[in-house]
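*Asks:* Next comes coords_19.csv, CSV, C-alpha atoms and all ligand atoms:
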```csv
chain,number,residue,atom,x,y,z
A,1,MET,CA,14.8,2.5,-38.4
A,2,LYS,CA,15.1,4.4,-35.1
A,3,GLN,CA,18.5,3.7,-33.5
A,4,LEU,CA,17.9,3.6,-29.7
A,5,ASP,CA,20.7,4.5,-27.3
A,6,ARG,CA,22.0,1.2,-25.9
A,7,THR,CA,23.6,3.0,-23.0
A,8,ARG,CA,20.2,4.0,-21.7
A,9,THR,CA,18.2,1.4,-19.9
A,10,LEU,CA,14.5,1.0,-18.9
A,11,VAL,CA,13.8,-1.6,-16.2
A,12,CYS,CA,10.4,-3.1,-15.7
A,13,LEU,CA,9.9,-2.9,-12.0
A,14,SER,CA,7.4,-4.9,-10.0
A,15,GLY,CA,8.8,-4.2,-6.5
A,16,GLY,CA,9.8,-7.9,-6.1
A,17,GLN,CA,13.2,-9.3,-5.5
A,18,ASP,CA,14.0,-10.1,-9.2
A,19,SER,CA,13.1,-6.8,-10.7
A,20,VAL,CA,14.8,-4.8,-8.0
A,21,THR,CA,18.0,-6.9,-8.4
A,22,CYS,CA,17.8,-6.1,-12.1
A,23,LEU,CA,17.5,-2.4,-11.3
A,24,MET,CA,20.6,-2.6,-9.1
A,25,GLU,CA,22.4,-4.5,-11.9
A,26,ALA,CA,21.5,-1.8,-14.4
A,27,CYS,CA,22.7,1.0,-12.0
A,28,LEU,CA,25.9,-0.9,-11.5
A,29,THR,CA,26.7,-1.5,-15.1
A,30,GLY,CA,25.3,1.6,-16.8
A,31,GLY,CA,25.0,4.1,-14.0
A,32,ALA,CA,21.9,5.4,-12.2
A,33,ALA,CA,21.9,8.5,-14.4
A,34,GLN,CA,21.2,6.3,-17.5
A,35,THR,CA,18.7,4.1,-15.8
A,36,TYR,CA,14.9,4.5,-15.8
A,37,ALA,CA,12.2,2.3,-14.3
A,38,VAL,CA,8.6,1.6,-15.1
A,39,ALA,CA,6.0,0.0,-12.8
A,40,PHE,CA,2.4,-1.0,-13.6
A,41,ASN,CA,-0.7,-0.8,-11.5
A,42,TYR,CA,-2.9,-3.5,-12.9
A,43,GLY,CA,-5.0,-4.2,-9.8
A,44,GLN,CA,-2.5,-6.4,-7.9
A,45,ARG,CA,-4.0,-7.6,-4.6
A,46,HIS,CA,-1.5,-5.4,-2.7
A,47,ALA,CA,-0.3,-1.9,-3.2
A,48,VAL,CA,2.8,-2.7,-1.1
A,49,GLU,CA,4.6,-4.0,-4.2
A,50,LEU,CA,4.3,-0.7,-6.0
A,51,ALA,CA,5.3,1.2,-2.9
A,52,CYS,CA,8.4,-1.0,-2.8
A,53,ALA,CA,9.2,-0.3,-6.5
A,54,GLN,CA,9.0,3.4,-5.9
A,55,LYS,CA,11.1,3.2,-2.8
A,56,ALA,CA,13.8,1.2,-4.5
A,57,ALA,CA,13.9,3.6,-7.4
A,58,GLU,CA,14.2,6.5,-5.0
A,59,ILE,CA,17.0,4.9,-3.0
A,60,LEU,CA,19.0,4.0,-6.1
A,61,GLY,CA,18.6,7.6,-7.4
A,62,ILE,CA,17.7,6.6,-11.0
A,63,ALA,CA,17.0,9.1,-13.8
A,64,GLY,CA,13.2,8.6,-13.8
A,65,TYR,CA,10.5,6.4,-12.4
A,66,TYR,CA,7.2,5.9,-14.2
A,67,ALA,CA,4.1,4.4,-12.7
A,68,LEU,CA,1.6,3.4,-15.4
A,69,GLU,CA,-2.1,2.6,-14.8
A,70,LEU,CA,-3.2,-0.6,-16.5
A,71,PRO,CA,-6.8,-1.4,-15.3
A,72,ALA,CA,-7.6,-3.6,-18.3
A,73,LEU,CA,-5.9,-6.6,-16.7
A,74,GLN,CA,-8.1,-6.2,-13.6
A,75,GLN,CA,-11.2,-6.0,-15.9
A,76,ILE,CA,-10.2,-9.3,-17.6
A,77,GLY,CA,-9.4,-10.6,-14.2
A,78,ASP,CA,-8.6,-14.3,-14.9
A,79,SER,CA,-6.1,-14.8,-12.1
A,80,ALA,CA,-6.1,-15.6,-8.4
A,81,LEU,CA,-3.6,-12.7,-8.0
A,82,LEU,CA,-6.5,-10.4,-9.0
A,83,THR,CA,-9.6,-12.2,-7.7
A,84,GLY,CA,-8.6,-13.5,-4.3
A,85,ALA,CA,-9.0,-17.2,-5.2
A,86,ASP,CA,-6.7,-19.8,-3.6
A,87,LEU,CA,-3.1,-19.2,-4.8
A,88,ASN,CA,-1.9,-22.7,-4.1
A,89,GLU,CA,-4.3,-24.2,-6.7
A,90,ARG,CA,-3.4,-25.0,-10.3
A,91,LYS,CA,-5.5,-24.4,-13.3
A,92,ASP,CA,-5.0,-25.8,-16.8
A,93,GLY,CA,-1.5,-26.9,-15.8
A,94,LEU,CA,-0.6,-23.4,-14.6
A,95,PRO,CA,-0.4,-21.8,-11.2
A,96,ALA,CA,-3.7,-20.0,-10.2
A,97,SER,CA,-1.7,-16.8,-9.9
A,98,PHE,CA,-1.0,-16.8,-13.7
A,99,VAL,CA,-2.3,-13.6,-15.2
A,100,PRO,CA,-2.8,-14.5,-18.9
A,101,GLY,CA,-0.9,-12.1,-21.2
A,102,ARG,CA,0.5,-10.1,-18.4
A,103,ASN,CA,4.1,-9.9,-19.4
A,104,ILE,CA,3.3,-9.5,-23.0
A,105,ILE,CA,1.0,-6.5,-22.3
A,106,LEU,CA,3.4,-5.0,-19.8
A,107,LEU,CA,6.5,-5.4,-22.0
A,108,ALA,CA,4.6,-3.9,-25.0
A,109,GLN,CA,3.8,-0.8,-23.0
A,110,ALA,CA,7.3,-0.6,-21.5
A,111,ALA,CA,8.7,-0.8,-25.1
A,112,ALA,CA,6.6,2.2,-26.1
A,113,LEU,CA,8.0,4.1,-23.1
A,114,ALA,CA,11.5,3.0,-24.0
A,115,TYR,CA,11.0,4.4,-27.4
A,116,LYS,CA,10.0,7.7,-26.0
A,117,LEU,CA,12.9,7.8,-23.5
A,118,ASN,CA,15.4,6.7,-26.2
A,119,CYS,CA,16.4,3.6,-24.1
A,120,GLY,CA,17.9,0.9,-26.3
A,121,SER,CA,17.8,-1.6,-23.5
A,122,LEU,CA,14.6,-2.9,-21.8
A,123,VAL,CA,15.2,-5.1,-18.8
A,124,ALA,CA,12.8,-7.7,-17.6
A,125,GLY,CA,13.5,-9.7,-14.4
A,126,VAL,CA,11.9,-12.9,-15.8
A,127,SER,CA,13.5,-16.3,-15.2
A,128,GLU,CA,12.8,-19.8,-16.4
A,129,THR,CA,15.0,-21.5,-13.8
A,130,ASP,CA,13.4,-21.2,-10.3
A,131,TYR,CA,10.2,-19.7,-11.6
A,132,SER,CA,6.5,-20.0,-11.1
A,133,GLY,CA,5.9,-21.7,-14.4
A,134,TYR,CA,4.5,-18.8,-16.3
A,135,PRO,CA,4.9,-19.3,-20.0
A,136,ASP,CA,5.5,-15.6,-20.6
A,137,CYS,CA,8.6,-15.7,-18.4
A,138,ARG,CA,10.3,-18.1,-20.8
A,139,GLU,CA,13.1,-17.1,-23.1
A,140,TYR,CA,11.4,-18.1,-26.3
A,141,THR,CA,8.4,-15.9,-25.5
A,142,ILE,CA,10.7,-12.9,-24.8
A,143,LYS,CA,12.7,-13.5,-28.0
A,144,PHE,CA,9.5,-13.5,-30.2
A,145,LEU,CA,8.1,-10.5,-28.4
A,146,GLU,CA,11.4,-8.6,-28.9
A,147,ALA,CA,11.2,-9.4,-32.6
A,148,ALA,CA,7.5,-8.4,-32.8
A,149,LEU,CA,8.1,-5.1,-31.0
A,150,ASN,CA,11.0,-4.1,-33.2
A,151,ALA,CA,9.1,-4.9,-36.3
A,152,GLY,CA,6.2,-2.9,-35.1
A,153,MET,CA,8.2,0.2,-34.0
A,154,GLU,CA,11.1,0.0,-36.5
A,155,THR,CA,13.6,-0.1,-33.7
A,156,ASP,CA,16.6,-2.1,-32.5
A,157,LEU,CA,15.4,-2.4,-28.9
A,158,GLN,CA,17.0,-5.2,-26.9
A,159,ILE,CA,15.0,-7.0,-24.2
A,160,VAL,CA,17.6,-8.0,-21.7
A,161,THR,CA,16.8,-10.7,-19.1
A,162,PRO,CA,19.7,-11.0,-16.7
A,163,LEU,CA,18.0,-13.6,-14.5
A,164,MET,CA,16.7,-15.9,-17.2
A,165,HIS,CA,19.0,-18.7,-16.3
A,166,LYS,CA,19.7,-17.8,-12.7
A,167,THR,CA,18.3,-19.7,-9.7
A,168,LYS,CA,16.9,-17.7,-6.8
A,169,ALA,CA,20.0,-18.4,-4.8
A,170,GLU,CA,22.1,-16.9,-7.6
A,171,THR,CA,19.8,-13.9,-7.6
A,172,TRP,CA,20.5,-13.4,-3.9
A,173,ALA,CA,24.2,-13.7,-4.6
A,174,MET,CA,23.9,-11.0,-7.3
A,175,ALA,CA,22.3,-8.6,-4.8
A,176,TYR,CA,25.1,-9.4,-2.4
A,177,ARG,CA,27.6,-7.8,-4.8
A,178,TYR,CA,26.1,-4.4,-4.8
A,179,ARG,CA,27.6,-1.5,-2.9
A,180,LEU,CA,26.0,1.2,-4.9
A,181,PRO,CA,25.8,4.8,-3.6
A,182,PRO,CA,24.4,5.4,-1.1
A,183,PHE,CA,25.2,1.8,-0.4
A,184,ASP,CA,29.0,2.0,-0.5
A,185,ARG,CA,29.4,1.3,3.1
A,186,ALA,CA,31.8,-1.3,4.5
A,187,GLU,CA,29.0,-3.8,5.0
A,188,ARG,CA,29.2,-6.1,2.0
A,189,GLN,CA,25.6,-7.2,2.5
A,190,TYR,CA,24.2,-3.9,1.5
A,191,GLY,CA,22.4,-5.0,-1.7
A,192,VAL,CA,20.9,-7.9,0.2
A,193,GLU,CA,19.6,-5.5,2.8
A,194,LEU,CA,17.9,-3.4,0.1
A,195,ILE,CA,16.2,-6.6,-1.1
A,196,ARG,CA,15.1,-7.6,2.4
A,197,GLU,CA,13.7,-4.2,3.3
A,198,HIS,CA,12.4,-2.7,0.1
A,199,THR,CA,11.2,-5.5,-2.1
A,200,HIS,CA,8.0,-7.6,-1.8
A,201,THR,CA,7.3,-11.0,-3.1
A,202,CYS,CA,4.5,-12.4,-0.9
A,203,TYR,CA,1.2,-13.0,-2.8
A,204,ARG,CA,-0.7,-12.4,0.4
A,205,GLY,CA,0.9,-8.9,0.9
A,206,ASP,CA,2.1,-9.7,4.4
A,207,ARG,CA,4.4,-7.1,5.7
A,208,THR,CA,4.0,-8.0,9.4
A,209,LEU,CA,6.2,-11.0,9.4
A,210,ARG,CA,9.9,-10.3,9.0
A,211,GLN,CA,11.9,-13.4,8.0
A,212,ASP,CA,15.6,-13.5,7.4
A,213,TRP,CA,14.9,-13.2,3.7
A,214,GLY,CA,12.5,-10.2,4.0
A,215,TYR,CA,8.8,-9.7,4.7
A,216,GLY,CA,6.2,-12.3,3.9
A,217,CYS,CA,3.8,-15.0,5.1
A,218,GLY,CA,6.3,-17.7,4.5
A,219,GLN,CA,3.7,-20.0,3.1
A,220,CYS,CA,2.4,-18.9,-0.3
A,221,PRO,CA,4.2,-20.2,-3.4
A,222,ALA,CA,6.1,-16.9,-3.9
A,223,CYS,CA,7.4,-16.8,-0.3
A,224,LEU,CA,8.4,-20.5,-0.6
A,225,LEU,CA,10.5,-19.8,-3.7
A,226,ARG,CA,12.2,-16.8,-2.1
A,227,GLN,CA,12.8,-18.7,1.2
A,228,ARG,CA,14.3,-21.7,-0.6
A,229,GLY,CA,16.6,-19.5,-2.6
A,230,TYR,CA,17.8,-17.7,0.5
A,231,ALA,CA,18.4,-20.9,2.3
A,232,GLU,CA,20.5,-22.2,-0.6
A,233,PHE,CA,22.4,-18.9,-0.8
A,234,SER,CA,23.1,-19.1,2.9
A,235,ALA,CA,24.1,-22.7,2.8
A,236,ARG,CA,26.7,-21.9,0.2
A,237,GLY,CA,28.4,-19.3,2.4
A,238,GLY,CA,25.8,-16.5,1.9
A,239,LEU,CA,26.8,-13.4,3.8
A,240,GLN,CA,30.2,-14.6,4.8
A,301,ZN,ZN,3.6,-15.1,1.2
```
So, in terms of structure tokens, how does the structure I just supplied come out?
Ligand SMILES: [Zn+2]

*Replies:*
Amino acid sequence: MKQLDRTRTLVCLSGGQDSVTCLMEACLTGGAAQTYAVAFNYGQRHAVELACAQKAAEILGIAGYYALELPALQQIGDSALLTGADLNERKDGLPASFVPGRNIILLAQAAALAYKLNCGSLVAGVSETDYSGYPDCREYTIKFLEAALNAGMETDLQIVTPLMHKTKAETWAMAYRYRLPPFDRAERQYGVELIREHTHTCYRGDRTLRQDWGYGCGQCPACLLRQRGYAEFSARGGLQ
């Protein structure tokens, strides 16, 4: 069995609020020098997410950022996120934005990279609390996947999901705690500022509308989740 180094972390980065919050958390707990990130280009509607992922990695000064090409998901293409269909629709009881197998495929590739980088901890910003309803974000899927990957690689890799039971408001509150270099200014909202400026959640890829919670159309399901979370976070004292 290959003993992977638990002090080294690889974070799956989409460029959205959740994964960037996880990246900040990893930098805060393990240090940026022990933190790596991996992003995937699988034909998302908007390149802006990947640009955000790279920018956040750069700002946080992590040890390495990997952008992997994954065109197979685009070829399979069974999702409104990839085809341009209506994102507010539902299909087979799931949101139209569901990309079948996405997290399973991404995490399997990330695990292979973690093996190479000797990272014993693989972080995924999935959540089953305030989430879109994707079954591959649920805790039991992740647990089974972790077991399968460890069996297949003879490793002791841990898939860590810091946001699994957190609401969006709690995720905002997590970001609020961060004053990482170069964020160690007096303003306590620094982590929140990074989330606002350098993450992207909107399914429509809108970067022209700046809301108090960041950029986005304010109408698609992803924007609505983010907006609601921010409103709840603010109502509880937020940036006070
Ligand atoms: Zn939107």

*Asks:* Kindly compile the residues surrounding ligand ZN 301 (chain A) within 8 Å, counting only C-alpha atoms and all ligand atoms, and format them as a list in words.

*Replies:*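 The residues near ligand ZN 301 (chain A) are Thr201, Cys202, Tyr203, Arg204, Gly205, Asp206, Gly216, Cys217, Gly218, Gln219, Cys220, Pro221, Ala222, Cys223 and Leu224 of chain A.
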
*Asks:* Find, counting only C-alpha atoms, the residue in A:Thr199, A:Thr35, A:Asn103, A:Gln227 that gets nearest to Leu50 in chain A.

*Replies:*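 Ranked by minimum distance to Leu50 in chain A, first place goes to A:Thr199.
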
*Asks:* Can you pull out the residues contacting range 142-157 of chain A? Cut-off 10 Å, using all atoms listed in the file, and skip same-chain residues under 4 positions away; I want them as a PDB file with C-alpha atoms, in the coordinates of the input.

*Replies:*
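out-v7.pdb was written with the following content:
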```pdb
ATOM      1  CA  MET A   1      14.800   2.500 -38.400  1.00  0.00           C
ATOM      2  CA  LYS A   2      15.100   4.400 -35.100  1.00  0.00           C
ATOM      3  CA  GLN A   3      18.500   3.700 -33.500  1.00  0.00           C
ATOM      4  CA  LEU A   4      17.900   3.600 -29.700  1.00  0.00           C
ATOM      5  CA  ASP A   5      20.700   4.500 -27.300  1.00  0.00           C
ATOM      6  CA  ARG A   6      22.000   1.200 -25.900  1.00  0.00           C
ATOM      7  CA  ASN A 103       4.100  -9.900 -19.400  1.00  0.00           C
ATOM      8  CA  ILE A 104       3.300  -9.500 -23.000  1.00  0.00           C
ATOM      9  CA  LEU A 107       6.500  -5.400 -22.000  1.00  0.00           C
ATOM     10  CA  ALA A 108       4.600  -3.900 -25.000  1.00  0.00           C
ATOM     11  CA  ALA A 111       8.700  -0.800 -25.100  1.00  0.00           C
ATOM     12  CA  ALA A 112       6.600   2.200 -26.100  1.00  0.00           C
ATOM     13  CA  ALA A 114      11.500   3.000 -24.000  1.00  0.00           C
ATOM     14  CA  TYR A 115      11.000   4.400 -27.400  1.00  0.00           C
ATOM     15  CA  ASN A 118      15.400   6.700 -26.200  1.00  0.00           C
ATOM     16  CA  CYS A 119      16.400   3.600 -24.100  1.00  0.00           C
ATOM     17  CA  GLY A 120      17.900   0.900 -26.300  1.00  0.00           C
ATOM     18  CA  SER A 121      17.800  -1.600 -23.500  1.00  0.00           C
ATOM     19  CA  LEU A 122      14.600  -2.900 -21.800  1.00  0.00           C
ATOM     20  CA  ALA A 124      12.800  -7.700 -17.600  1.00  0.00           C
ATOM     21  CA  VAL A 126      11.900 -12.900 -15.800  1.00  0.00           C
ATOM     22  CA  PRO A 135       4.900 -19.300 -20.000  1.00  0.00           C
ATOM     23  CA  ASP A 136       5.500 -15.600 -20.600  1.00  0.00           C
ATOM     24  CA  CYS A 137       8.600 -15.700 -18.400  1.00  0.00           C
ATOM     25  CA  ARG A 138      10.300 -18.100 -20.800  1.00  0.00           C
ATOM     26  CA  THR A 161      16.800 -10.700 -19.100  1.00  0.00           C
TER      27      THR A 161
END
```

*Asks:* Considering all atoms listed in the file, state which residue in the set A:Phe98, A:Phe233, A:Tyr42, A:Tyr176 is at the smallest distance from Ala72 in chain A.

*Replies:*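 Of all the options, A:Tyr42 lies closest to Ala72 in chain A.
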
*Asks:* Per residue of range 90-116 of chain A within 10 Å of range 55-69 of chain A, which atom pair is closest and at what distance in Å (one decimal), using all atoms listed in the file, listed by chain and increasing number, as CSV?

*Replies:*
```
residue,atom,partner,partner_atom,distance
A:Leu106,CA,A:Leu68,CA,9.7
A:Gln109,CA,A:Leu68,CA,9.0
A:Ala110,CA,A:Leu68,CA,9.3
A:Leu113,CA,A:Tyr66,CA,9.1
```

*Asks:* So that I have them on file, write out the residues from the current selection with C-alpha atoms, as a PDB file, in the coordinates of the input.

*Replies:*
```pdb
ATOM      1  CA  LEU A 106       3.400  -5.000 -19.800  1.00  0.00           C
ATOM      2  CA  GLN A 109       3.800  -0.800 -23.000  1.00  0.00           C
ATOM      3  CA  ALA A 110       7.300  -0.600 -21.500  1.00  0.00           C
ATOM      4  CA  LEU A 113       8.000   4.100 -23.100  1.00  0.00           C
TER       5      LEU A 113
END
```

*Asks:* List the neighbours of Ala231 in chain A out to 9 Å using all atoms listed in the file; skip same-chain residues closer than 6 positions along the sequence, and give me the result as a list in words.

*Replies:*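 Here the answer would be Ala169, Trp213 and Gly238 of chain A.
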